[in-house]
$ cat input20.cif   # mmCIF, C-alpha atoms
data_protein
loop_
_atom_site.label_atom_id
_atom_site.label_comp_id
_atom_site.auth_asym_id
_atom_site.auth_seq_id
_atom_site.Cartn_x
_atom_site.Cartn_y
_atom_site.Cartn_z
CA MET A 7 -44.34 47.47 12.95
CA ARG A 8 -43.21 49.93 15.60
CA GLU A 9 -43.04 53.51 14.45
CA THR A 10 -39.71 55.32 14.39
CA VAL A 11 -38.60 58.90 13.90
CA SER A 12 -38.30 58.05 10.19
CA THR A 13 -41.78 56.57 9.75
CA ALA A 14 -44.22 58.17 12.22
CA THR A 15 -46.44 60.65 10.41
CA VAL A 16 -49.41 62.95 10.87
CA THR A 17 -52.00 62.92 8.10
CA ALA A 18 -53.47 66.34 7.33
CA GLY A 19 -55.64 66.51 4.27
CA ASN A 20 -53.53 64.92 1.54
CA ALA A 21 -50.22 65.64 3.30
CA GLU A 22 -48.20 63.08 5.25
CA ILE A 23 -46.11 65.11 7.69
CA PRO A 24 -43.42 63.36 9.76
CA ALA A 25 -44.54 63.59 13.37
CA LEU A 26 -41.15 64.52 14.76
CA GLY A 27 -39.23 67.13 12.83
CA PHE A 28 -35.99 69.00 13.36
CA GLY A 29 -36.25 72.68 14.22
CA THR A 30 -33.54 75.17 13.26
CA ALA A 31 -34.66 78.51 14.73
CA ARG A 32 -31.73 80.64 15.96
CA MET A 33 -29.20 78.25 14.39
CA THR A 34 -27.01 79.53 11.58
CA GLY A 35 -23.88 78.70 9.61
CA ASP A 36 -21.79 75.65 10.38
CA GLU A 37 -23.70 74.92 13.60
CA CYS A 38 -26.93 74.62 11.66
CA ARG A 39 -25.40 72.63 8.82
CA ARG A 40 -23.78 70.12 11.17
CA ALA A 41 -26.94 69.75 13.26
CA VAL A 42 -29.18 69.10 10.24
CA GLU A 43 -26.70 66.60 8.81
CA THR A 44 -26.66 64.79 12.15
CA ALA A 45 -30.45 64.84 12.38
CA LEU A 46 -30.75 63.26 8.94
CA GLU A 47 -28.17 60.62 9.90
CA VAL A 48 -30.17 59.83 13.04
CA GLY A 49 -33.32 59.39 10.97
CA TYR A 50 -35.26 62.65 11.11
CA ARG A 51 -37.22 63.14 7.90
CA HIS A 52 -38.81 66.53 8.58
CA VAL A 53 -36.63 69.65 8.50
CA ASP A 54 -38.01 73.08 9.39
CA THR A 55 -36.45 76.38 8.36
CA ALA A 56 -37.61 79.90 7.45
CA GLN A 57 -36.58 83.01 5.59
CA MET A 58 -36.54 84.79 8.95
CA TYR A 59 -33.99 82.34 10.39
CA ASP A 60 -31.28 83.28 7.87
CA ASN A 61 -30.21 79.65 7.69
CA GLU A 62 -31.81 78.25 4.54
CA ARG A 63 -28.43 78.06 2.81
CA ALA A 64 -26.95 76.09 5.72
CA VAL A 65 -29.95 73.74 5.66
CA GLY A 66 -29.50 73.34 1.91
CA GLU A 67 -25.84 72.48 2.37
CA ALA A 68 -26.80 69.82 4.91
CA LEU A 69 -29.40 68.37 2.56
CA ALA A 70 -26.87 68.25 -0.27
CA ALA A 71 -24.23 66.64 1.97
CA SER A 72 -26.79 63.99 2.89
CA GLY A 73 -27.52 63.21 -0.74
CA VAL A 74 -30.65 65.30 -1.33
CA THR A 75 -30.11 67.14 -4.62
CA ARG A 76 -31.99 68.86 -7.40
CA GLU A 77 -31.07 65.93 -9.63
CA ASP A 78 -32.76 63.62 -7.13
CA GLU A 79 -35.91 65.70 -7.42
CA ARG A 80 -35.83 65.75 -11.21
CA SER A 81 -35.64 61.96 -11.29
CA GLU A 82 -39.05 61.71 -9.62
CA SER A 83 -42.09 61.18 -11.82
CA SER A 84 -43.49 64.37 -13.31
CA GLU A 85 -46.83 63.72 -11.67
CA LYS A 86 -45.21 64.22 -8.30
CA ARG A 87 -44.29 67.87 -8.78
CA ALA A 88 -46.65 69.13 -11.46
CA GLY A 89 -50.38 69.42 -11.99
CA ASP A 90 -52.03 68.33 -8.79
CA ALA A 91 -50.08 70.06 -6.03
CA GLY A 92 -52.00 68.04 -3.49
CA SER A 93 -51.04 64.56 -4.72
CA GLU A 94 -50.16 62.15 -1.93
CA ARG A 95 -46.52 61.28 -1.26
CA SER A 96 -45.57 57.61 -1.66
CA GLU A 97 -43.25 56.01 0.82
CA ASP A 98 -42.09 52.56 1.81
CA PRO A 99 -41.81 52.71 5.64
CA GLY A 100 -39.77 49.54 5.73
CA GLU A 101 -37.23 50.96 3.32
CA ALA A 102 -37.08 54.26 5.20
CA SER A 103 -36.43 52.57 8.52
CA GLY A 104 -34.06 49.93 7.20
CA GLU A 105 -31.54 52.14 5.44
CA THR A 106 -29.84 54.99 7.24
CA ALA A 107 -27.95 57.98 5.94
CA SER A 108 -25.01 57.06 8.16
CA GLU A 109 -24.69 53.79 6.19
CA GLU A 110 -25.23 55.11 2.68
CA ARG A 111 -24.69 58.84 3.11
CA HIS A 112 -27.70 59.22 0.85
CA VAL A 113 -31.19 60.31 1.80
CA SER A 114 -33.82 60.20 -0.90
CA ARG A 115 -35.48 63.53 -1.61
CA GLU A 116 -38.93 61.99 -1.51
CA ASP A 117 -38.33 60.83 2.06
CA VAL A 118 -37.47 64.27 3.46
CA PHE A 119 -40.26 66.72 4.26
CA VAL A 120 -38.78 70.21 3.95
CA VAL A 121 -40.64 73.19 5.39
CA THR A 122 -39.84 76.87 4.99
CA LYS A 123 -41.76 80.02 5.78
CA VAL A 124 -42.48 83.29 4.02
CA HIS A 125 -41.31 86.25 6.09
CA PRO A 126 -44.29 88.45 7.10
CA ASP A 127 -42.54 91.38 5.40
CA ASN A 128 -42.75 89.41 2.12
CA ALA A 129 -46.51 88.90 2.23
CA ALA A 130 -47.33 90.97 -0.87
CA ARG A 131 -47.86 88.87 -3.98
CA ASP A 132 -44.67 89.70 -5.87
CA ASP A 133 -42.61 89.36 -2.71
CA VAL A 134 -44.10 85.94 -1.91
CA LEU A 135 -43.16 84.71 -5.37
CA ALA A 136 -39.68 86.23 -5.45
CA SER A 137 -38.70 85.37 -1.90
CA THR A 138 -39.88 81.77 -2.18
CA ARG A 139 -37.86 81.27 -5.35
CA GLU A 140 -34.87 82.70 -3.51
CA SER A 141 -35.53 80.28 -0.67
CA LEU A 142 -35.52 77.38 -3.11
CA GLU A 143 -32.22 78.56 -4.53
CA ARG A 144 -30.68 78.76 -1.07
CA LEU A 145 -32.05 75.33 -0.17
CA GLY A 146 -30.83 73.84 -3.44
CA LEU A 147 -34.27 72.39 -4.17
CA GLU A 148 -36.77 72.51 -7.00
CA ALA A 149 -39.66 72.49 -4.52
CA VAL A 150 -40.47 72.47 -0.82
CA ASP A 151 -42.97 70.11 0.71
CA LEU A 152 -44.67 72.78 2.81
CA LEU A 153 -44.63 76.58 2.60
CA LEU A 154 -46.01 78.51 5.57
CA LEU A 155 -46.78 82.16 6.10
CA HIS A 156 -44.62 82.76 9.17
CA ALA A 157 -47.08 85.03 10.96
CA PRO A 158 -50.05 87.29 10.23
CA SER A 159 -48.88 90.29 8.22
CA ASP A 160 -50.11 93.82 7.63
CA ARG A 161 -48.10 94.11 4.40
CA ALA A 162 -50.88 92.62 2.27
CA PRO A 163 -54.36 91.13 2.58
CA LEU A 164 -54.25 87.46 3.54
CA GLU A 165 -56.17 86.60 0.38
CA GLU A 166 -53.35 88.08 -1.74
CA THR A 167 -50.65 86.19 0.14
CA LEU A 168 -52.43 82.86 -0.09
CA ALA A 169 -53.23 83.36 -3.77
CA ALA A 170 -49.51 83.75 -4.45
CA MET A 171 -48.72 80.64 -2.39
CA ASN A 172 -51.37 78.73 -4.34
CA ASP A 173 -49.79 79.91 -7.60
CA LEU A 174 -46.47 78.50 -6.42
CA GLN A 175 -48.25 75.20 -5.92
CA ASP A 176 -49.59 75.39 -9.46
CA GLU A 177 -46.11 75.86 -10.86
CA GLY A 178 -44.70 72.95 -8.86
CA ALA A 179 -42.50 74.95 -6.48
CA VAL A 180 -44.57 74.05 -3.41
CA ASP A 181 -46.44 70.86 -2.54
CA HIS A 182 -48.57 72.07 0.37
CA VAL A 183 -49.34 75.37 2.08
CA GLY A 184 -50.05 76.38 5.65
CA VAL A 185 -49.65 79.11 8.23
CA SER A 186 -47.84 79.80 11.48
CA ASN A 187 -48.78 81.66 14.65
CA PHE A 188 -52.43 81.87 13.57
CA SER A 189 -55.33 81.97 16.03
CA VAL A 190 -58.50 79.96 15.47
CA GLU A 191 -60.16 82.96 13.85
CA ARG A 192 -57.24 83.68 11.52
CA LEU A 193 -56.87 80.01 10.65
CA GLU A 194 -60.55 79.83 9.74
CA SER A 195 -60.07 82.81 7.42
CA ALA A 196 -57.04 81.22 5.82
CA ARG A 197 -58.91 78.01 5.16
CA GLU A 198 -61.73 79.94 3.52
CA LEU A 199 -59.39 82.02 1.34
CA SER A 200 -56.95 79.36 0.13
CA GLU A 201 -57.81 77.44 -3.02
CA THR A 202 -55.98 74.42 -1.63
CA PRO A 203 -56.08 72.90 1.87
CA ILE A 204 -54.26 74.62 4.72
CA VAL A 205 -52.54 71.52 6.04
CA ALA A 206 -50.64 72.95 9.02
CA ASN A 207 -50.55 75.72 11.60
CA GLN A 208 -47.19 75.96 13.38
CA VAL A 209 -47.50 77.46 16.86
CA LYS A 210 -45.81 77.43 20.24
CA TYR A 211 -47.09 74.40 22.14
CA HIS A 212 -45.55 72.60 25.10
CA PRO A 213 -46.65 71.32 28.54
CA TYR A 214 -46.60 74.81 30.07
CA HIS A 215 -48.31 76.54 27.14
CA HIS A 216 -51.50 74.84 26.01
CA ARG A 217 -53.47 75.52 22.83
CA ASP A 218 -56.73 73.82 23.74
CA ASP A 219 -59.16 75.69 21.48
CA LEU A 220 -56.73 75.70 18.57
CA LEU A 221 -55.95 71.99 18.93
CA GLU A 222 -59.63 71.06 18.96
CA TYR A 223 -60.21 73.21 15.87
CA CYS A 224 -57.26 71.66 14.02
CA VAL A 225 -58.32 68.10 14.81
CA ASP A 226 -61.87 68.79 13.66
CA ARG A 227 -60.68 70.42 10.40
CA ASP A 228 -57.88 67.99 9.54
CA VAL A 229 -55.09 70.53 10.07
CA CYS A 230 -51.77 69.48 11.59
CA LEU A 231 -50.79 71.49 14.65
CA THR A 232 -46.99 71.66 14.56
CA ALA A 233 -45.49 72.49 17.94
CA TYR A 234 -42.45 74.73 17.92
CA SER A 235 -40.44 75.32 21.11
CA PRO A 236 -41.78 71.96 22.36
CA LEU A 237 -39.21 71.90 25.17
CA ALA A 238 -40.11 75.41 26.30
CA GLU A 239 -36.73 76.85 25.30
CA GLY A 240 -34.81 74.71 27.76
CA THR A 241 -37.24 74.70 30.68
CA VAL A 242 -38.58 71.17 30.19
CA PRO A 243 -35.31 69.24 30.72
CA GLY A 244 -35.05 70.40 34.33
CA ASP A 245 -38.65 69.68 35.32
CA ASP A 246 -38.67 67.10 38.11
CA ARG A 247 -42.39 66.42 37.64
CA LEU A 248 -41.88 65.37 34.04
CA ALA A 249 -38.77 63.39 34.95
CA GLU A 250 -40.79 61.45 37.52
CA ILE A 251 -43.39 60.57 34.90
CA GLY A 252 -40.59 59.28 32.70
CA GLU A 253 -38.93 57.09 35.32
CA PRO A 254 -41.05 53.95 34.76
CA HIS A 255 -40.25 54.20 31.05
CA ASP A 256 -36.56 55.02 31.56
CA LYS A 257 -37.14 58.31 29.75
CA SER A 258 -36.11 61.88 30.46
CA ALA A 259 -38.34 64.90 31.06
CA SER A 260 -37.69 66.06 27.48
CA GLN A 261 -38.64 62.69 26.03
CA VAL A 262 -41.85 62.68 28.09
CA ALA A 263 -42.80 66.14 26.82
CA LEU A 264 -42.13 65.21 23.20
CA ARG A 265 -44.01 61.93 23.54
CA TRP A 266 -46.93 63.82 25.10
CA LEU A 267 -47.08 66.00 22.00
CA VAL A 268 -46.75 63.41 19.24
CA GLN A 269 -49.13 61.02 21.01
CA GLN A 270 -51.90 63.58 20.53
CA PRO A 271 -53.79 63.08 17.26
CA GLY A 272 -52.87 65.62 14.62
CA VAL A 273 -49.82 67.01 16.44
CA ALA A 274 -46.24 67.15 15.19
CA ALA A 275 -43.27 68.59 17.07
CA ILE A 276 -40.03 70.19 15.89
CA PRO A 277 -37.48 70.24 18.73
CA LYS A 278 -34.13 71.92 18.16
CA ALA A 279 -30.80 70.55 19.35
CA SER A 280 -27.18 71.05 18.38
CA SER A 281 -25.40 68.06 19.94
CA ARG A 282 -25.68 64.51 18.64
CA GLU A 283 -26.55 63.33 22.14
CA HIS A 284 -29.62 65.56 22.35
CA ILE A 285 -30.61 65.03 18.71
CA GLU A 286 -30.60 61.26 19.28
CA ALA A 287 -32.37 61.50 22.64
CA ASN A 288 -35.17 63.65 21.21
CA ALA A 289 -35.75 61.04 18.50
CA ASP A 290 -35.91 58.17 21.00
CA ILE A 291 -39.59 58.57 21.87
CA PHE A 292 -41.30 55.92 19.76
CA ASP A 293 -40.62 52.86 21.91
CA PHE A 294 -43.05 53.76 24.70
CA GLU A 295 -46.50 55.24 25.24
CA LEU A 296 -47.89 57.40 27.98
CA SER A 297 -51.03 56.13 29.69
CA ASN A 298 -54.10 58.35 29.88
CA ASP A 299 -53.22 59.17 33.47
CA GLU A 300 -49.66 60.07 32.45
CA LEU A 301 -50.92 62.24 29.61
CA ALA A 302 -53.09 64.08 32.11
CA ALA A 303 -50.18 64.39 34.55
CA VAL A 304 -48.02 66.03 31.89
CA ALA A 305 -50.84 68.41 31.07
CA ASP A 306 -51.24 69.28 34.73
CA VAL A 307 -47.86 71.01 34.80
CA GLY A 308 -49.41 73.62 32.52
CA ASP A 309 -52.57 75.66 32.42
CA GLY A 310 -54.84 73.81 30.02
CA LEU A 311 -58.18 72.06 30.31
CA TRP A 312 -56.82 68.60 29.57
CA ASP A 313 -59.91 66.55 30.44
CA GLN A 314 -61.98 68.47 27.91
CA VAL A 315 -59.31 68.26 25.22
CA ALA A 316 -58.57 64.59 25.91
CA ALA A 317 -62.23 63.73 25.46
CA THR A 318 -62.27 65.55 22.11
CA LEU A 319 -59.13 63.75 20.97
CA GLY A 320 -60.41 60.35 22.03
CA LEU A 321 -57.80 59.99 24.76
CA ARG A 322 -60.40 59.48 27.47
#
$ encode --input "input20.cif" --output "structure tokens"
Amino acid sequence: MRETVSTATVTAGNAEIPALGFGTARMTGDECRRAVETALEVGYRHVDTAQMYDNERAVGEALAASGVTREDERSESSEKRAGDAGSERSEDPGEASGETASEERHVSREDVFVVTKVHPDNAARDDVLASTRESLERLGLEAVDLLLLHAPSDRAPLEETLAAMNDLQDEGAVDHVGVSNFSVERLESARELSETPIVANQVKYHPYHHRDDLLEYCVDRDVCLTAYSPLAEGTVPGDDRLAEIGEPHDKSASQVALRWLVQQPGVAAIPKASSREHIEANADIFDFELSNDELAAVADVGDGLWDQVAATLGLR
């Protein structure tokens, strides 16, 4: 069965992370709420927010409008949210792809992977606990699927921050933990300090900004590399080189860049868009594949060592 935006996933440890998510950075209020509602209608099942974005309430309103509620969470089996914070999520891909929110106006909570991030200023233990509970209240959820530390912080030792995040897992408020904007060295430290797997590192990654060493490390250690700003903050759509690569597939430069990312093992991407046209177009990347030569051609617009990375990823 062909993958879709609703079913394609990245496996990282015991987490199943939808490969294409919806980013919400610098979107607030009604704009954010409408965009997230549209994304869920289109089929996105991975929504990314953060305390720093000041839009968790808008995201929560969109989730509620789409049918995702606390009551929906409470109806799940107790094993899903308590005890083993690392239990695998169950999902019927056929059901997820066959029923859309636009038809039923209802999206099951278990099918939506919600990510939020602890503000670096909230890295001290008590602040991690309090701010995450506030995030859950704003989101209207009993738990989030993934909680990230937004960036390295000097407010508390990393061990203290991760211990608090692990405690939130123990109490059922968080399924999985990870980090964002971490280098290889910092990610290694996080993995050593956390009592549970670090399943993701969210970083800037797009055709002009490669993360070769970090990507190799993540693939080797079973960590999902989630690419934010995958369209280089609006630069990708106007790139004639990427558009040319897309011509044989009848795809745009943006679709080529997103396909290049999600076709790499262990990589997810979270593009942001506000219009339905762009939200739908960004999701329309699962009906074609880039050849090895095309993957290399996309990489060549940037500054990475693609041949070396491709060999490591098994793309050569």
$ residues_around --input "input20.cif" --residues "Tyr214 of chain A" --least-positions-apart "4" --cutoff "8 Å" --atoms "only C-alpha atoms" --output "VMD selection string"
chain A and resid 238 305 307 to 309
$ atom_distance --input "input20.cif" --atom1 "atom CA of Thr10 of chain A" --atom2 "atom CA of Val48 of chain A"
10.6 Å
$ atom_distance --input "input20.cif" --atom1 "atom CA of Leu155 of chain A" --atom2 "atom CA of Val205 of chain A"
12.1 Å
$ residues_around --input "input20.cif" --residues "segment 135-145 of chain A" --least-positions-apart "4" --cutoff "12 Å" --atoms "all atoms listed in the file" --output "PyMOL selection string"
chain A and resi 39+53-71+74-76+120-131+149-155+166-175+177-180
$ residues_around --input "input20.cif" --residues "Arg197 of chain A" --least-positions-apart "4" --cutoff "10 Å" --atoms "all atoms listed in the file" --output "mmCIF file with C-alpha atoms, keeping the file's coordinate frame"
data_model
loop_
_atom_site.group_PDB
_atom_site.id
_atom_site.type_symbol
_atom_site.label_atom_id
_atom_site.label_comp_id
_atom_site.auth_asym_id
_atom_site.auth_seq_id
_atom_site.Cartn_x
_atom_site.Cartn_y
_atom_site.Cartn_z
ATOM 1 C CA LEU A 168 -52.430 82.860 -0.090
ATOM 2 C CA GLY A 184 -50.050 76.380 5.650
ATOM 3 C CA VAL A 185 -49.650 79.110 8.230
ATOM 4 C CA ARG A 192 -57.240 83.680 11.520
ATOM 5 C CA LEU A 193 -56.870 80.010 10.650
ATOM 6 C CA GLU A 201 -57.810 77.440 -3.020
ATOM 7 C CA THR A 202 -55.980 74.420 -1.630
ATOM 8 C CA PRO A 203 -56.080 72.900 1.870
ATOM 9 C CA ILE A 204 -54.260 74.620 4.720
ATOM 10 C CA VAL A 205 -52.540 71.520 6.040
ATOM 11 C CA ARG A 227 -60.680 70.420 10.400
ATOM 12 C CA VAL A 229 -55.090 70.530 10.070
#
$ axis_aligned_box --input "input20.cif" --around "segment 145-148 of chain A" --padding-each-side "6 Å" --output "JSON"
{"center_x": -33.8, "center_y": 73.9, "center_z": -3.6, "size_x": 17.9, "size_y": 14.9, "size_z": 18.8}
$ atom_distance --input "input20.cif" --atom1 "atom CA of Val118 of chain A" --atom2 "atom CA of Leu147 of chain A"
11.6 Å
$ closest_residue --input "input20.cif" --among "A:Val262, A:Gly240, A:Met7, A:Ala162" --to "Ala279 of chain A" --atoms "all atoms listed in the file"
A:Gly240
$ resolve_selection --input "input20.cif" --expression "the PyMOL selection byres ((chain A and resi 212) around 7)" --output "PyMOL selection string"
chain A and resi 210-211+213-216+236-238
$ resolve_selection --input "input20.cif" --expression "the PyMOL selection byres ((chain A and resi 249-257) around 9)" --output "PDB file with C-alpha atoms, keeping the file's coordinate frame"
ATOM      1  CA  PRO A 243     -35.310  69.240  30.720  1.00  0.00           C
ATOM      2  CA  GLY A 244     -35.050  70.400  34.330  1.00  0.00           C
ATOM      3  CA  ASP A 245     -38.650  69.680  35.320  1.00  0.00           C
ATOM      4  CA  ASP A 246     -38.670  67.100  38.110  1.00  0.00           C
ATOM      5  CA  ARG A 247     -42.390  66.420  37.640  1.00  0.00           C
ATOM      6  CA  LEU A 248     -41.880  65.370  34.040  1.00  0.00           C
ATOM      7  CA  SER A 258     -36.110  61.880  30.460  1.00  0.00           C
ATOM      8  CA  ALA A 259     -38.340  64.900  31.060  1.00  0.00           C
ATOM      9  CA  SER A 260     -37.690  66.060  27.480  1.00  0.00           C
ATOM     10  CA  GLN A 261     -38.640  62.690  26.030  1.00  0.00           C
ATOM     11  CA  VAL A 262     -41.850  62.680  28.090  1.00  0.00           C
ATOM     12  CA  ASP A 290     -35.910  58.170  21.000  1.00  0.00           C
ATOM     13  CA  ILE A 291     -39.590  58.570  21.870  1.00  0.00           C
ATOM     14  CA  PHE A 294     -43.050  53.760  24.700  1.00  0.00           C
ATOM     15  CA  GLU A 295     -46.500  55.240  25.240  1.00  0.00           C
ATOM     16  CA  LEU A 296     -47.890  57.400  27.980  1.00  0.00           C
ATOM     17  CA  GLU A 300     -49.660  60.070  32.450  1.00  0.00           C
ATOM     18  CA  ALA A 303     -50.180  64.390  34.550  1.00  0.00           C
ATOM     19  CA  VAL A 304     -48.020  66.030  31.890  1.00  0.00           C
TER      20      VAL A 304
END
$ closest_residue --input "input20.cif" --among "A:Asn20, A:Ala41, A:Ser297, A:Asp36" --to "Gln269 of chain A" --atoms "all atoms listed in the file"
A:Ser297
